[in-house]
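Visitor: Questions regarding the structure given below will be posed in turn.
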Amino acid sequence: MPDGHDSGDIPASPADLIRQLTAAISSGPPDAAGPPSRRRPQRPDGVKDRVRVDLVGTKPPLWRRLELASDLFLDEVHEVIQAAFGWTDSHLHQFGSGPRYYSPETEYYLCPFQEDEGERGVPEEEVRLDQVLAVPGDRLFYMYDFGDDWEHVIRLEATTPRDDTAARAVCLDGRRDGPPEDSGGVNGYELVSAATDPLNPDHSDAVAEFERRYGIEFDAEGSAATPFKIDAINALLAERFPAGARPERADPPDDLPGPLDELLHQVRDGYARRELRWLIGAALTSKPYVDTATAARMVRPYAWLMDRVGDGIRLTGGRVPPTRPC
């Protein structure tokens with residue numbers, strides 16, 4: 001045996017080898033501490049960020065150009081993107097700052113469910129837009145729906161001064177309708193786009209491919225993309241992010257009385273739990289006022305449900321008939 005080699009490193013049996021490999025895997029990768037922070041200091045002055053958001057892989061490109069207040073937090077940017085592309089916030093999402101979305105050098109900013117699951121990253125509601133997009137050319141990644149993998153690239157185009165009378169989020173321009181939810185990712189979206197457009201040269205082939213792939217008759221109305229209507233998008237953004245100074249955002253208290261804290265931990269929805277924590281903290285400090293934006297955010301999940309329930313939900317005695325591909 002060569003000098004300097006420790007015979008103790010050699011497994012004595014296949015069982016020892018398995019135990020060593022299991023221990024190595026359980027200890028995690030060498031970079032378990034995660035990548036270094038890519039966040040920069042918050043700007044002392046508020047500016048307007050003009051960004052272009054592209055949905056990766058679409059041809060021709062599907063994109064939106066937005067003008068955003070630089071002091072928006074990433075959970076708010078998530079809401080803007082949802083409105084701009086016509087998404088319904090029905091799936092998980094995650095932001096990332098790095099050379100690519102998938103990279104060991106990328107720092108991830110987590111949605112509430114990921115926080116609950118103990119995933120590695122920074123809570124998105126603690127990160128401001130100006131910390132990750134500082135100079136023109138900077139990029140931020142946004143992934144929506146970890147099954148369909150809708151990857152968006154947010155690129156900072158320009159910054160300009162702003163005042164408190166400026167709208168905090170505006171859609172300036174865009175191209176193509178937004179994909180329907182659960183349409184199978186970019187390939188599914190392009191297939192549905194061709195199948196629903198009689199003028200598309202691939203229309204007939206797309207309809208046939210859709211029916212072959214999913215085994216159901218193509219329903220153009222049920223599979224239609226979300227129309228790009230800039231006025232409707234801006235009406236949603238104006239309601240959620242009205243012009244004016246940014247409301248102060250207090251950190252949720254982390255020293256609630258034991259029983260209240262235990263009760264809050266039983267609330268699985270991260271957004272709802274944080275809003276309740278803020279409300280309880282405000283009540284305990286005799287500051288029960290809730291601003292309009294916070295109140296609207298709190299009731300949004302319930303309003304979404306009631307809008308879709310309408311006059312009622314028709315139940316079936318057995319399997320729900322398919323209306324679109326999963």
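Numbering starts fresh at 1 for the residues of each chain in the structure tokens, the chains themselves are lettered A, B, ... in the order given, and ligands are numbered from 1 as they appear.
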Write out as a list in words the residues lying within 7 Å of A:Gly121, counting only C-alpha atoms and excluding same-chain residues fewer than 6 positions away.
Guide: Glu107, Tyr108, Tyr109 and Leu110 of chain A
Visitor: Name the residues in contact with A:Tyr189 at a cut-off of 9 Å, using only C-alpha atoms, excluding same-chain residues fewer than 2 positions from it; report them as a PDB file with all heavy atoms, in the first residue's frame.
Guide:
ATOM      1  N   THR A  58     -40.689  30.896 -25.667  1.00  0.00           N
ATOM      2  CA  THR A  58     -41.813  31.178 -26.551  1.00  0.00           C
ATOM      3  C   THR A  58     -41.319  31.802 -27.854  1.00  0.00           C
ATOM      4  O   THR A  58     -40.410  32.634 -27.861  1.00  0.00           O
ATOM      5  CB  THR A  58     -42.817  32.117 -25.871  1.00  0.00           C
ATOM      6  OG1 THR A  58     -42.133  33.282 -25.368  1.00  0.00           O
ATOM      7  CG2 THR A  58     -43.496  31.424 -24.710  1.00  0.00           C
ATOM      8  N   GLY A 178     -51.519  35.597 -22.727  1.00  0.00           N
ATOM      9  CA  GLY A 178     -50.894  34.795 -21.686  1.00  0.00           C
ATOM     10  C   GLY A 178     -51.332  33.340 -21.760  1.00  0.00           C
ATOM     11  O   GLY A 178     -52.460  33.037 -22.147  1.00  0.00           O
ATOM     12  N   PRO A 179     -50.450  32.405 -21.404  1.00  0.00           N
ATOM     13  CA  PRO A 179     -50.806  30.977 -21.472  1.00  0.00           C
ATOM     14  C   PRO A 179     -51.910  30.618 -20.487  1.00  0.00           C
ATOM     15  O   PRO A 179     -51.982  31.178 -19.391  1.00  0.00           O
ATOM     16  CB  PRO A 179     -49.499  30.275 -21.084  1.00  0.00           C
ATOM     17  CG  PRO A 179     -48.426  31.300 -21.252  1.00  0.00           C
ATOM     18  CD  PRO A 179     -49.072  32.614 -20.957  1.00  0.00           C
ATOM     19  N   PRO A 180     -52.774  29.669 -20.842  1.00  0.00           N
ATOM     20  CA  PRO A 180     -53.738  29.165 -19.852  1.00  0.00           C
ATOM     21  C   PRO A 180     -53.020  28.345 -18.796  1.00  0.00           C
ATOM     22  O   PRO A 180     -51.983  27.730 -19.062  1.00  0.00           O
ATOM     23  CB  PRO A 180     -54.690  28.308 -20.687  1.00  0.00           C
ATOM     24  CG  PRO A 180     -53.927  27.959 -21.919  1.00  0.00           C
ATOM     25  CD  PRO A 180     -52.950  29.057 -22.165  1.00  0.00           C
ATOM     26  N   SER A 183     -51.398  24.204 -18.916  1.00  0.00           N
ATOM     27  CA  SER A 183     -51.420  23.858 -20.341  1.00  0.00           C
ATOM     28  C   SER A 183     -50.198  23.070 -20.770  1.00  0.00           C
ATOM     29  O   SER A 183     -49.974  22.852 -21.956  1.00  0.00           O
ATOM     30  CB  SER A 183     -51.557  25.125 -21.196  1.00  0.00           C
ATOM     31  OG  SER A 183     -50.577  26.090 -20.867  1.00  0.00           O
ATOM     32  N   GLY A 184     -49.350  22.654 -19.816  1.00  0.00           N
ATOM     33  CA  GLY A 184     -48.255  21.771 -20.152  1.00  0.00           C
ATOM     34  C   GLY A 184     -46.947  22.452 -20.475  1.00  0.00           C
ATOM     35  O   GLY A 184     -46.090  21.869 -21.131  1.00  0.00           O
ATOM     36  N   GLY A 185     -46.771  23.680 -20.024  1.00  0.00           N
ATOM     37  CA  GLY A 185     -45.524  24.378 -20.291  1.00  0.00           C
ATOM     38  C   GLY A 185     -45.498  25.016 -21.666  1.00  0.00           C
ATOM     39  O   GLY A 185     -46.515  25.091 -22.365  1.00  0.00           O
ATOM     40  N   VAL A 186     -44.301  25.479 -22.064  1.00  0.00           N
ATOM     41  CA  VAL A 186     -44.179  26.240 -23.311  1.00  0.00           C
ATOM     42  C   VAL A 186     -44.640  25.423 -24.515  1.00  0.00           C
ATOM     43  O   VAL A 186     -45.353  25.933 -25.389  1.00  0.00           O
ATOM     44  CB  VAL A 186     -42.727  26.729 -23.492  1.00  0.00           C
ATOM     45  CG1 VAL A 186     -42.530  27.309 -24.890  1.00  0.00           C
ATOM     46  CG2 VAL A 186     -42.393  27.783 -22.447  1.00  0.00           C
ATOM     47  N   ASN A 187     -44.258  24.147 -24.597  1.00  0.00           N
ATOM     48  CA  ASN A 187     -44.670  23.329 -25.743  1.00  0.00           C
ATOM     49  C   ASN A 187     -46.187  23.204 -25.816  1.00  0.00           C
ATOM     50  O   ASN A 187     -46.780  23.297 -26.901  1.00  0.00           O
ATOM     51  CB  ASN A 187     -44.028  21.942 -25.668  1.00  0.00           C
ATOM     52  CG  ASN A 187     -42.534  21.980 -25.923  1.00  0.00           C
ATOM     53  OD1 ASN A 187     -42.040  22.899 -26.568  1.00  0.00           O
ATOM     54  ND2 ASN A 187     -41.807  20.997 -25.417  1.00  0.00           N
ATOM     55  N   LEU A 191     -48.692  24.736 -28.760  1.00  0.00           N
ATOM     56  CA  LEU A 191     -49.642  23.847 -29.421  1.00  0.00           C
ATOM     57  C   LEU A 191     -51.053  24.403 -29.332  1.00  0.00           C
ATOM     58  O   LEU A 191     -51.778  24.469 -30.335  1.00  0.00           O
ATOM     59  CB  LEU A 191     -49.574  22.464 -28.767  1.00  0.00           C
ATOM     60  CG  LEU A 191     -50.518  21.395 -29.350  1.00  0.00           C
ATOM     61  CD1 LEU A 191     -50.129  21.064 -30.781  1.00  0.00           C
ATOM     62  CD2 LEU A 191     -50.487  20.139 -28.479  1.00  0.00           C
ATOM     63  N   VAL A 192     -51.453  24.850 -28.134  1.00  0.00           N
ATOM     64  CA  VAL A 192     -52.792  25.410 -27.954  1.00  0.00           C
ATOM     65  C   VAL A 192     -52.948  26.704 -28.753  1.00  0.00           C
ATOM     66  O   VAL A 192     -54.003  26.960 -29.348  1.00  0.00           O
ATOM     67  CB  VAL A 192     -53.065  25.655 -26.460  1.00  0.00           C
ATOM     68  CG1 VAL A 192     -54.318  26.489 -26.260  1.00  0.00           C
ATOM     69  CG2 VAL A 192     -53.202  24.333 -25.718  1.00  0.00           C
ATOM     70  N   SER A 193     -51.890  27.537 -28.794  1.00  0.00           N
ATOM     71  CA  SER A 193     -51.958  28.791 -29.546  1.00  0.00           C
ATOM     72  C   SER A 193     -52.242  28.533 -31.017  1.00  0.00           C
ATOM     73  O   SER A 193     -53.065  29.211 -31.643  1.00  0.00           O
ATOM     74  CB  SER A 193     -50.644  29.567 -29.397  1.00  0.00           C
ATOM     75  OG  SER A 193     -50.452  29.993 -28.078  1.00  0.00           O
ATOM     76  N   ALA A 194     -51.558  27.545 -31.593  1.00  0.00           N
ATOM     77  CA  ALA A 194     -51.789  27.217 -32.999  1.00  0.00           C
ATOM     78  C   ALA A 194     -53.172  26.602 -33.200  1.00  0.00           C
ATOM     79  O   ALA A 194     -53.861  26.884 -34.190  1.00  0.00           O
ATOM     80  CB  ALA A 194     -50.705  26.271 -33.497  1.00  0.00           C
ATOM     81  N   ALA A 225     -56.113  31.042 -24.536  1.00  0.00           N
ATOM     82  CA  ALA A 225     -55.157  31.758 -23.702  1.00  0.00           C
ATOM     83  C   ALA A 225     -55.822  32.984 -23.091  1.00  0.00           C
ATOM     84  O   ALA A 225     -56.925  33.395 -23.483  1.00  0.00           O
ATOM     85  CB  ALA A 225     -53.953  32.172 -24.547  1.00  0.00           C
TER      86      ALA A 225
END
Visitor: Would you list the contacts of A:Glu124 as a ChimeraX atom specification, taking every protein, DNA or RNA residue within 8 Å and counting only C-alpha atoms, but skipping same-chain residues closer than 3 positions in sequence?
Guide: /A:73-75,95,109-111,127
Visitor: From a backbone DSSP assignment, name each residue in stretch 63-250 of chain A labelled helix (DSSP H, G or I), as a ChimeraX atom specification.
Guide: /A:74-85,112-116,124-126,129-132,185-195,203-214,230-240
Visitor: If we count only C-alpha atoms and set the cut-off at 8 Å, which residues sit around A:Ala243, ignoring sequence neighbours fewer than 4 positions away in its own chain? Please answer as a list in words.
Guide: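 Answer for this query is Asp164, Thr165, Ala166, Ala167, Arg168 and Ala238 of chain A.
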Visitor: Excluding same-chain residues fewer than 6 positions from A:Glu157, what lies within 10 Å of it counting only C-alpha atoms, as a list of chain:residue names?
Guide: A:Asp49, A:Arg50, A:Val51, A:Arg52, A:Arg65, A:Leu66, A:Glu67, A:Leu133, A:Val135, A:Pro136, A:Gly137, A:Asp138, A:Arg139
Visitor: Just write the chosen residues, all heavy atoms, as a CSV table (one decimal), in the first residue's frame.
Guide:
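Result written to result-v9.csv:
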chain,number,residue,atom,x,y,z
A,49,ASP,N,-38.5,51.7,-12.0
A,49,ASP,CA,-37.7,50.7,-12.8
A,49,ASP,C,-38.5,50.3,-14.0
A,49,ASP,O,-39.7,49.8,-13.9
A,49,ASP,CB,-37.4,49.5,-12.0
A,49,ASP,CG,-36.4,49.7,-10.9
A,49,ASP,OD1,-35.6,50.7,-11.0
A,49,ASP,OD2,-36.3,48.9,-10.0
A,50,ARG,N,-38.0,50.5,-15.2
A,50,ARG,CA,-38.6,49.9,-16.4
A,50,ARG,C,-38.0,48.6,-16.7
A,50,ARG,O,-36.8,48.5,-16.9
A,50,ARG,CB,-38.4,50.9,-17.6
A,50,ARG,CG,-39.3,50.5,-18.8
A,50,ARG,CD,-39.1,51.3,-20.0
A,50,ARG,NE,-37.9,51.0,-20.7
A,50,ARG,CZ,-37.0,51.8,-21.1
A,50,ARG,NH1,-37.2,53.1,-20.9
A,50,ARG,NH2,-35.9,51.4,-21.8
A,51,VAL,N,-38.8,47.5,-16.6
A,51,VAL,CA,-38.3,46.2,-16.8
A,51,VAL,C,-39.1,45.5,-18.0
A,51,VAL,O,-40.3,45.9,-18.3
A,51,VAL,CB,-38.5,45.3,-15.5
A,51,VAL,CG1,-37.7,46.0,-14.4
A,51,VAL,CG2,-39.9,45.1,-15.2
A,52,ARG,N,-38.5,44.6,-18.6
A,52,ARG,CA,-39.1,43.7,-19.6
A,52,ARG,C,-39.1,42.3,-19.0
A,52,ARG,O,-38.0,41.8,-18.6
A,52,ARG,CB,-38.5,43.8,-20.9
A,52,ARG,CG,-39.0,42.8,-21.9
A,52,ARG,CD,-38.6,43.0,-23.3
A,52,ARG,NE,-38.7,41.8,-24.1
A,52,ARG,CZ,-38.8,41.8,-25.4
A,52,ARG,NH1,-38.9,42.9,-26.1
A,52,ARG,NH2,-38.8,40.6,-26.1
A,65,ARG,N,-43.8,44.6,-20.8
A,65,ARG,CA,-42.9,45.7,-20.3
A,65,ARG,C,-43.6,46.4,-19.2
A,65,ARG,O,-44.8,46.8,-19.3
A,65,ARG,CB,-42.5,46.7,-21.4
A,65,ARG,CG,-41.7,47.8,-21.0
A,65,ARG,CD,-41.1,48.6,-22.1
A,65,ARG,NE,-40.0,47.9,-22.7
A,65,ARG,CZ,-40.0,47.4,-24.0
A,65,ARG,NH1,-41.1,47.6,-24.8
A,65,ARG,NH2,-38.9,46.7,-24.5
A,66,LEU,N,-43.0,46.5,-18.0
A,66,LEU,CA,-43.6,47.1,-16.8
A,66,LEU,C,-42.8,48.3,-16.3
A,66,LEU,O,-41.6,48.3,-16.5
A,66,LEU,CB,-43.7,46.0,-15.7
A,66,LEU,CG,-44.3,44.7,-16.1
A,66,LEU,CD1,-44.1,43.6,-15.0
A,66,LEU,CD2,-45.8,44.8,-16.4
A,67,GLU,N,-43.5,49.1,-15.6
A,67,GLU,CA,-42.8,50.2,-14.9
A,67,GLU,C,-43.2,50.0,-13.4
A,67,GLU,O,-44.4,50.1,-13.1
A,67,GLU,CB,-43.3,51.6,-15.4
A,67,GLU,CG,-42.5,52.7,-14.9
A,67,GLU,CD,-42.8,54.0,-15.6
A,67,GLU,OE1,-44.0,54.6,-15.3
A,67,GLU,OE2,-42.0,54.5,-16.4
A,133,LEU,N,-32.3,44.3,-8.7
A,133,LEU,CA,-32.1,45.0,-9.9
A,133,LEU,C,-31.7,46.4,-9.7
A,133,LEU,O,-32.5,47.2,-9.2
A,133,LEU,CB,-33.5,45.0,-10.7
A,133,LEU,CG,-34.1,43.6,-11.2
A,133,LEU,CD1,-35.4,43.9,-11.9
A,133,LEU,CD2,-33.1,42.9,-12.0
A,135,VAL,N,-28.8,48.2,-11.7
A,135,VAL,CA,-28.3,48.9,-12.9
A,135,VAL,C,-28.9,48.3,-14.1
A,135,VAL,O,-29.1,47.0,-14.2
A,135,VAL,CB,-26.8,48.9,-13.0
A,135,VAL,CG1,-26.2,49.7,-11.8
A,135,VAL,CG2,-26.2,47.5,-13.0
A,136,PRO,N,-29.1,49.1,-15.2
A,136,PRO,CA,-29.7,48.5,-16.4
A,136,PRO,C,-28.8,47.3,-16.9
A,136,PRO,O,-27.6,47.3,-16.9
A,136,PRO,CB,-29.6,49.7,-17.4
A,136,PRO,CG,-29.7,50.9,-16.5
A,136,PRO,CD,-29.0,50.5,-15.3
A,137,GLY,N,-29.6,46.2,-17.3
A,137,GLY,CA,-28.9,45.0,-17.7
A,137,GLY,C,-29.0,43.9,-16.7
A,137,GLY,O,-28.9,42.7,-17.0
A,138,ASP,N,-29.2,44.3,-15.4
A,138,ASP,CA,-29.4,43.3,-14.3
A,138,ASP,C,-30.6,42.4,-14.6
A,138,ASP,O,-31.6,42.9,-15.2
A,138,ASP,CB,-29.6,44.0,-13.0
A,138,ASP,CG,-28.3,44.5,-12.4
A,138,ASP,OD1,-27.2,44.2,-12.9
A,138,ASP,OD2,-28.4,45.2,-11.3
A,139,ARG,N,-30.5,41.1,-14.2
A,139,ARG,CA,-31.6,40.2,-14.5
A,139,ARG,C,-32.0,39.5,-13.2
A,139,ARG,O,-31.2,39.3,-12.3
A,139,ARG,CB,-31.1,39.1,-15.5
A,139,ARG,CG,-30.8,39.6,-16.9
A,139,ARG,CD,-30.5,38.5,-17.8
A,139,ARG,NE,-29.5,37.5,-17.3
A,139,ARG,CZ,-29.3,36.3,-17.8
A,139,ARG,NH1,-29.9,35.9,-18.9
A,139,ARG,NH2,-28.3,35.6,-17.3
Visitor: Can you pull out every residue within 8 Å of A:Pro227, counting only C-alpha atoms, but drop anything in the same chain fewer than 5 positions away, and send it as a list of chain:residue names?
Guide: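 Everything that qualifies: A:Gly86, A:Arg176, A:Asp177, A:Gly178.
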Visitor: Let me see the file: selected residues, all heavy atoms, as a PDB file, in the first residue's frame.
Guide:
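Wrote again.pdb, looks like this:
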ATOM      1  N   GLY A  86     -51.750  37.195 -16.803  1.00  0.00           N
ATOM      2  CA  GLY A  86     -53.043  36.530 -16.703  1.00  0.00           C
ATOM      3  C   GLY A  86     -53.005  35.238 -15.919  1.00  0.00           C
ATOM      4  O   GLY A  86     -53.936  34.429 -15.999  1.00  0.00           O
ATOM      5  N   ARG A 176     -48.403  39.004 -27.299  1.00  0.00           N
ATOM      6  CA  ARG A 176     -49.047  37.701 -27.227  1.00  0.00           C
ATOM      7  C   ARG A 176     -49.903  37.558 -25.968  1.00  0.00           C
ATOM      8  O   ARG A 176     -49.634  38.152 -24.924  1.00  0.00           O
ATOM      9  CB  ARG A 176     -48.031  36.555 -27.294  1.00  0.00           C
ATOM     10  CG  ARG A 176     -47.183  36.541 -28.538  1.00  0.00           C
ATOM     11  CD  ARG A 176     -46.363  35.258 -28.648  1.00  0.00           C
ATOM     12  NE  ARG A 176     -47.207  34.100 -28.933  1.00  0.00           N
ATOM     13  CZ  ARG A 176     -46.739  32.863 -29.027  1.00  0.00           C
ATOM     14  NH1 ARG A 176     -45.444  32.632 -28.810  1.00  0.00           N
ATOM     15  NH2 ARG A 176     -47.544  31.851 -29.302  1.00  0.00           N
ATOM     16  N   ASP A 177     -50.929  36.730 -26.110  1.00  0.00           N
ATOM     17  CA  ASP A 177     -51.808  36.425 -24.985  1.00  0.00           C
ATOM     18  C   ASP A 177     -51.077  35.536 -23.987  1.00  0.00           C
ATOM     19  O   ASP A 177     -50.147  34.813 -24.331  1.00  0.00           O
ATOM     20  CB  ASP A 177     -53.063  35.709 -25.477  1.00  0.00           C
ATOM     21  CG  ASP A 177     -53.941  36.600 -26.339  1.00  0.00           C
ATOM     22  OD1 ASP A 177     -53.784  37.837 -26.252  1.00  0.00           O
ATOM     23  OD2 ASP A 177     -54.765  36.068 -27.104  1.00  0.00           O
ATOM     24  N   GLY A 178     -51.519  35.597 -22.727  1.00  0.00           N
ATOM     25  CA  GLY A 178     -50.894  34.795 -21.686  1.00  0.00           C
ATOM     26  C   GLY A 178     -51.332  33.340 -21.760  1.00  0.00           C
ATOM     27  O   GLY A 178     -52.460  33.037 -22.147  1.00  0.00           O
TER      28      GLY A 178
END
Visitor: Using only C-alpha atoms, which protein or nucleic acid residues come within 12 Å of A:Asp231? Drop anything in the same chain fewer than 2 positions from it, and give the result as a short mmCIF file (atom, residue, chain, number, x, y, z; two decimals) with all heavy atoms, in the first residue's frame.
Guide:
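Final output, result_8.cif:
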data_model
loop_
_atom_site.label_atom_id
_atom_site.label_comp_id
_atom_site.auth_asym_id
_atom_site.auth_seq_id
_atom_site.Cartn_x
_atom_site.Cartn_y
_atom_site.Cartn_z
N ALA A 83 -50.71 39.35 -12.60
CA ALA A 83 -51.71 40.18 -13.29
C ALA A 83 -51.30 40.42 -14.75
O ALA A 83 -52.14 40.35 -15.66
CB ALA A 83 -51.89 41.50 -12.56
N ALA A 84 -50.03 40.69 -14.98
CA ALA A 84 -49.57 41.05 -16.32
C ALA A 84 -49.68 39.90 -17.32
O ALA A 84 -49.95 40.11 -18.49
CB ALA A 84 -48.13 41.56 -16.25
N VAL A 170 -47.27 49.66 -13.42
CA VAL A 170 -47.98 49.91 -14.67
C VAL A 170 -47.46 48.97 -15.74
O VAL A 170 -46.25 48.71 -15.81
CB VAL A 170 -47.78 51.38 -15.15
CG1 VAL A 170 -48.49 51.61 -16.48
CG2 VAL A 170 -48.28 52.36 -14.11
N CYS A 171 -48.36 48.46 -16.56
CA CYS A 171 -47.96 47.69 -17.74
C CYS A 171 -47.91 48.66 -18.91
O CYS A 171 -48.90 49.32 -19.23
CB CYS A 171 -48.96 46.56 -18.02
SG CYS A 171 -48.48 45.51 -19.42
N LEU A 172 -46.74 48.76 -19.55
CA LEU A 172 -46.53 49.70 -20.65
C LEU A 172 -46.79 49.09 -22.02
O LEU A 172 -47.22 49.77 -22.95
CB LEU A 172 -45.10 50.25 -20.61
CG LEU A 172 -44.66 50.97 -19.33
CD1 LEU A 172 -43.18 51.33 -19.43
CD2 LEU A 172 -45.51 52.21 -19.10
N ASP A 173 -46.50 47.81 -22.16
CA ASP A 173 -46.58 47.19 -23.48
C ASP A 173 -46.47 45.68 -23.30
O ASP A 173 -46.18 45.18 -22.21
CB ASP A 173 -45.43 47.71 -24.36
CG ASP A 173 -45.67 47.46 -25.85
OD1 ASP A 173 -46.75 46.93 -26.19
OD2 ASP A 173 -44.78 47.78 -26.66
N GLY A 174 -46.67 44.95 -24.37
CA GLY A 174 -46.53 43.51 -24.32
C GLY A 174 -46.84 42.87 -25.64
O GLY A 174 -47.26 43.54 -26.60
N PRO A 227 -56.39 36.68 -22.85
CA PRO A 227 -56.14 37.78 -23.79
C PRO A 227 -55.27 38.87 -23.16
O PRO A 227 -55.43 39.20 -21.98
CB PRO A 227 -57.54 38.31 -24.09
CG PRO A 227 -58.47 37.20 -23.73
CD PRO A 227 -57.83 36.47 -22.60
N PHE A 228 -54.33 39.38 -23.95
CA PHE A 228 -53.51 40.49 -23.49
C PHE A 228 -54.31 41.78 -23.67
O PHE A 228 -54.43 42.31 -24.78
CB PHE A 228 -52.20 40.56 -24.26
CG PHE A 228 -51.39 41.79 -23.93
CD1 PHE A 228 -51.10 42.12 -22.62
CD2 PHE A 228 -50.91 42.63 -24.94
CE1 PHE A 228 -50.36 43.24 -22.30
CE2 PHE A 228 -50.17 43.76 -24.64
CZ PHE A 228 -49.89 44.06 -23.32
N LYS A 229 -54.89 42.25 -22.59
CA LYS A 229 -55.68 43.48 -22.59
C LYS A 229 -55.03 44.43 -21.59
O LYS A 229 -55.22 44.30 -20.38
CB LYS A 229 -57.14 43.20 -22.22
CG LYS A 229 -57.86 42.32 -23.23
CD LYS A 229 -59.33 42.11 -22.85
CE LYS A 229 -60.04 41.28 -23.91
NZ LYS A 229 -61.48 41.07 -23.56
N ILE A 233 -55.31 44.89 -17.39
CA ILE A 233 -54.16 44.64 -16.52
C ILE A 233 -53.90 45.85 -15.64
O ILE A 233 -53.71 45.74 -14.43
CB ILE A 233 -52.92 44.31 -17.37
CG1 ILE A 233 -53.09 42.96 -18.05
CG2 ILE A 233 -51.66 44.31 -16.50
CD1 ILE A 233 -52.02 42.65 -19.07
N ASN A 234 -53.91 47.04 -16.25
CA ASN A 234 -53.61 48.25 -15.47
C ASN A 234 -54.71 48.60 -14.49
O ASN A 234 -54.45 49.21 -13.44
CB ASN A 234 -53.32 49.42 -16.42
CG ASN A 234 -51.91 49.35 -16.99
OD1 ASN A 234 -50.98 48.94 -16.31
ND2 ASN A 234 -51.76 49.73 -18.25
N ALA A 235 -55.94 48.20 -14.79
CA ALA A 235 -57.02 48.42 -13.81
C ALA A 235 -56.76 47.56 -12.56
O ALA A 235 -56.94 48.04 -11.42
CB ALA A 235 -58.37 48.07 -14.43
N LEU A 236 -56.31 46.32 -12.76
CA LEU A 236 -55.98 45.46 -11.62
C LEU A 236 -54.80 46.02 -10.83
O LEU A 236 -54.83 46.06 -9.60
CB LEU A 236 -55.63 44.05 -12.11
CG LEU A 236 -56.77 43.16 -12.59
CD1 LEU A 236 -56.21 41.87 -13.18
CD2 LEU A 236 -57.72 42.85 -11.44
N LEU A 237 -53.78 46.48 -11.54
CA LEU A 237 -52.59 47.00 -10.87
C LEU A 237 -52.90 48.29 -10.12
O LEU A 237 -52.39 48.52 -9.02
CB LEU A 237 -51.48 47.24 -11.89
CG LEU A 237 -50.93 45.98 -12.57
CD1 LEU A 237 -49.86 46.36 -13.59
CD2 LEU A 237 -50.37 45.00 -11.55
N ALA A 238 -53.75 49.15 -10.69
CA ALA A 238 -54.10 50.41 -10.03
C ALA A 238 -54.86 50.16 -8.74
O ALA A 238 -54.70 50.88 -7.75
CB ALA A 238 -54.92 51.28 -10.98
#
